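Here is data_18.txt, consisting of compact mmCIF, C-alpha atoms:
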```txt
# COMPACT_ATOMS: atom_id res chain seq x y z
CA GLY A 1 -6.01 -11.71 -1.85
CA GLY A 2 -3.96 -9.20 -3.80
CA GLY A 3 -5.08 -5.67 -4.36
CA ALA A 4 -3.51 -3.18 -6.65
CA ALA A 5 -0.85 -0.94 -5.16
CA VAL A 6 -0.90 2.49 -6.75
CA THR A 7 1.83 5.09 -6.39
CA VAL A 8 0.69 8.57 -7.33
CA VAL A 9 2.98 11.37 -8.42
CA ALA A 10 0.97 14.56 -8.79
CA ALA A 11 1.94 17.86 -10.28
CA GLY A 12 -0.18 20.95 -9.96
CA ASP A 13 -1.84 22.71 -7.12
CA ASP A 14 -3.11 21.19 -3.87
CA ALA A 15 -6.71 21.10 -5.15
CA GLN A 16 -5.68 19.05 -8.21
CA ALA A 17 -3.71 16.63 -6.04
CA ALA A 18 -6.67 16.30 -3.64
CA ARG A 19 -9.06 15.53 -6.52
CA ALA A 20 -6.65 12.92 -7.91
CA ARG A 21 -6.26 11.30 -4.50
CA THR A 22 -10.03 11.20 -3.90
CA HIS A 23 -10.61 9.60 -7.28
CA LEU A 24 -7.84 7.03 -6.89
CA GLU A 25 -8.91 6.09 -3.37
CA ARG A 26 -12.14 4.85 -4.93
CA VAL A 27 -10.36 2.51 -7.35
CA ALA A 28 -7.15 1.48 -5.61
CA ALA A 29 -6.67 -0.90 -2.69
CA ALA A 30 -3.54 0.96 -1.56
CA LEU A 31 -2.48 4.52 -2.33
CA GLU A 32 1.00 5.86 -1.76
CA PRO A 33 1.41 9.49 -2.82
CA HIS A 34 4.88 10.89 -3.48
CA VAL A 35 6.08 14.46 -3.79
CA VAL A 36 9.08 14.69 -6.08
CA ASP A 37 11.66 17.36 -6.83
CA GLY A 38 13.09 18.26 -10.18
CA PRO A 39 11.75 17.79 -13.69
CA LEU A 40 8.65 15.58 -13.51
CA PRO A 41 9.42 13.14 -16.38
CA GLU A 42 12.82 12.25 -14.93
CA ALA A 43 11.42 12.05 -11.38
CA ILE A 44 8.69 9.63 -12.51
CA THR A 45 11.21 7.50 -14.38
CA THR A 46 13.49 7.34 -11.33
CA LEU A 47 10.64 6.53 -8.95
CA ALA A 48 9.27 3.86 -11.30
CA ALA A 49 12.69 2.18 -11.37
CA GLN A 50 13.05 2.36 -7.58
CA ARG A 51 9.54 0.93 -7.06
CA GLU A 52 9.99 -1.65 -9.86
CA ALA A 53 6.73 -0.43 -11.39
CA ASP A 54 4.96 -2.75 -13.80
CA LEU A 55 3.07 0.03 -15.59
CA LEU A 56 2.99 3.82 -15.76
CA VAL A 57 -0.48 5.35 -16.12
CA VAL A 58 -0.34 8.90 -17.44
CA GLY A 59 -3.20 11.32 -18.03
CA ALA A 60 -3.49 13.17 -21.31
CA ARG A 61 -3.92 16.90 -21.05
CA GLY A 62 -6.42 17.62 -23.80
CA ARG A 63 -9.96 18.44 -22.71
CA THR A 64 -11.36 18.80 -26.22
CA PRO A 65 -11.06 16.36 -29.15
CA LEU A 66 -8.53 18.61 -30.90
CA ALA A 67 -6.51 19.31 -27.74
CA GLY A 68 -6.62 15.59 -26.99
CA LEU A 69 -4.37 15.03 -29.99
CA VAL A 70 -1.61 17.03 -28.30
CA LEU A 71 0.15 15.35 -25.39
CA GLY A 72 1.61 17.15 -22.45
CA SER A 73 5.40 17.15 -22.30
CA THR A 74 5.51 14.66 -19.40
CA ALA A 75 3.29 12.10 -21.16
CA GLU A 76 5.17 12.54 -24.43
CA HIS A 77 8.55 12.14 -22.72
CA LEU A 78 7.47 8.98 -20.89
CA LEU A 79 5.98 7.44 -24.04
CA ARG A 80 9.26 8.04 -25.90
CA THR A 81 11.77 7.09 -23.22
CA SER A 82 10.28 4.75 -20.62
CA ALA A 83 11.61 1.22 -20.40
CA ARG A 84 8.28 0.33 -18.77
CA PRO A 85 4.85 0.09 -20.42
CA VAL A 86 2.94 3.39 -20.43
CA LEU A 87 -0.86 3.55 -20.45
CA LEU A 88 -2.15 6.92 -21.66
CA VAL A 89 -5.56 7.82 -20.22
CA PRO A 90 -7.56 10.61 -21.82
CA GLY A 91 -8.98 13.29 -19.56
CA PRO A 92 -12.68 13.89 -19.07
CA ARG A 93 -14.56 15.34 -22.01
```
Take the structure I supplied and represent it as structure tokens, if you would.
Amino acid sequence: GGGAAVTVVAAGDDAQAARARTHLERVAAALEPHVVDGPLPEAITTLAAQREADLLVVGARGRTPLAGLVLGSTAEHLLRTSARPVLLVPGPR
């Protein structure tokens, strides 16, 4: 039986990374966190190529309907430049 393998690249403080890991552990069969150096969009693109990722899942920054219309720079960069499909997931409202 195949489960989903999820690679997580988190930016932010330790508490944010811990919350993301806790949430993803509930939905993913395998979790492989990575800490990356350098600009995040380029690091994600490089890691996705190395891992031969099928899909990039990126959270949107906006927490209100109006702010939800504005993407963070990482999400916007990946949507414009990624050779891989990008799924944009809105944050909690």
**OP:** Could you please give me, as a list of chain:residue names, the residues of protein, DNA or RNA lying at most 12 Å from (8.0, 14.6, -23.0) in the coordinate frame of the file, considering all atoms listed in the file?
**Re:**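 Those within range, by chain then number, are A:Pro39, A:Leu40, A:Pro41, A:Glu42, A:Ile44, A:Thr45, A:Val58, A:Ala60, A:Val70, A:Leu71, A:Gly72, A:Ser73, A:Thr74, A:Ala75, A:Glu76, A:His77, A:Leu78, A:Leu79, A:Arg80, A:Thr81, A:Ser82.
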**OP:** Please measure the separation of atom CA of Val36 of chain A and atom CA of Ala83 of chain A, giving the value in Å to one decimal.
**Re:** 19.8 Å
Show me, as lines of an AutoDock Vina configuration file, the centre and edge lengths in Å to one decimal of the axis-aligned box that covers every listed atom of segment 12-23 of chain A with 4 Å on each side.
```
center_x = -5.4
center_y = 16.2
center_z = -6.8
size_x = 18.4
size_y = 21.1
size_z = 14.3
```
Original post:
Between atom CA of Pro85 of chain A and atom CA of Leu55 of chain A, what is the spacing in Å?
Top reply: 5.1 Å
Original post:
Can you tell me how far atom CA of Val89 of chain A sits from atom CA of Leu24 of chain A, in Å to one decimal?
Top reply: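 Taking atom CA of Val89 of chain A and atom CA of Leu24 of chain A, their separation equals 13.5 Å.
Distances from A:Ala17, A:Asp54, A:Pro90, A:Arg84 to His34 of chain A were compared using all atoms listed in the file, and the smallest one belongs to A:Ala17.
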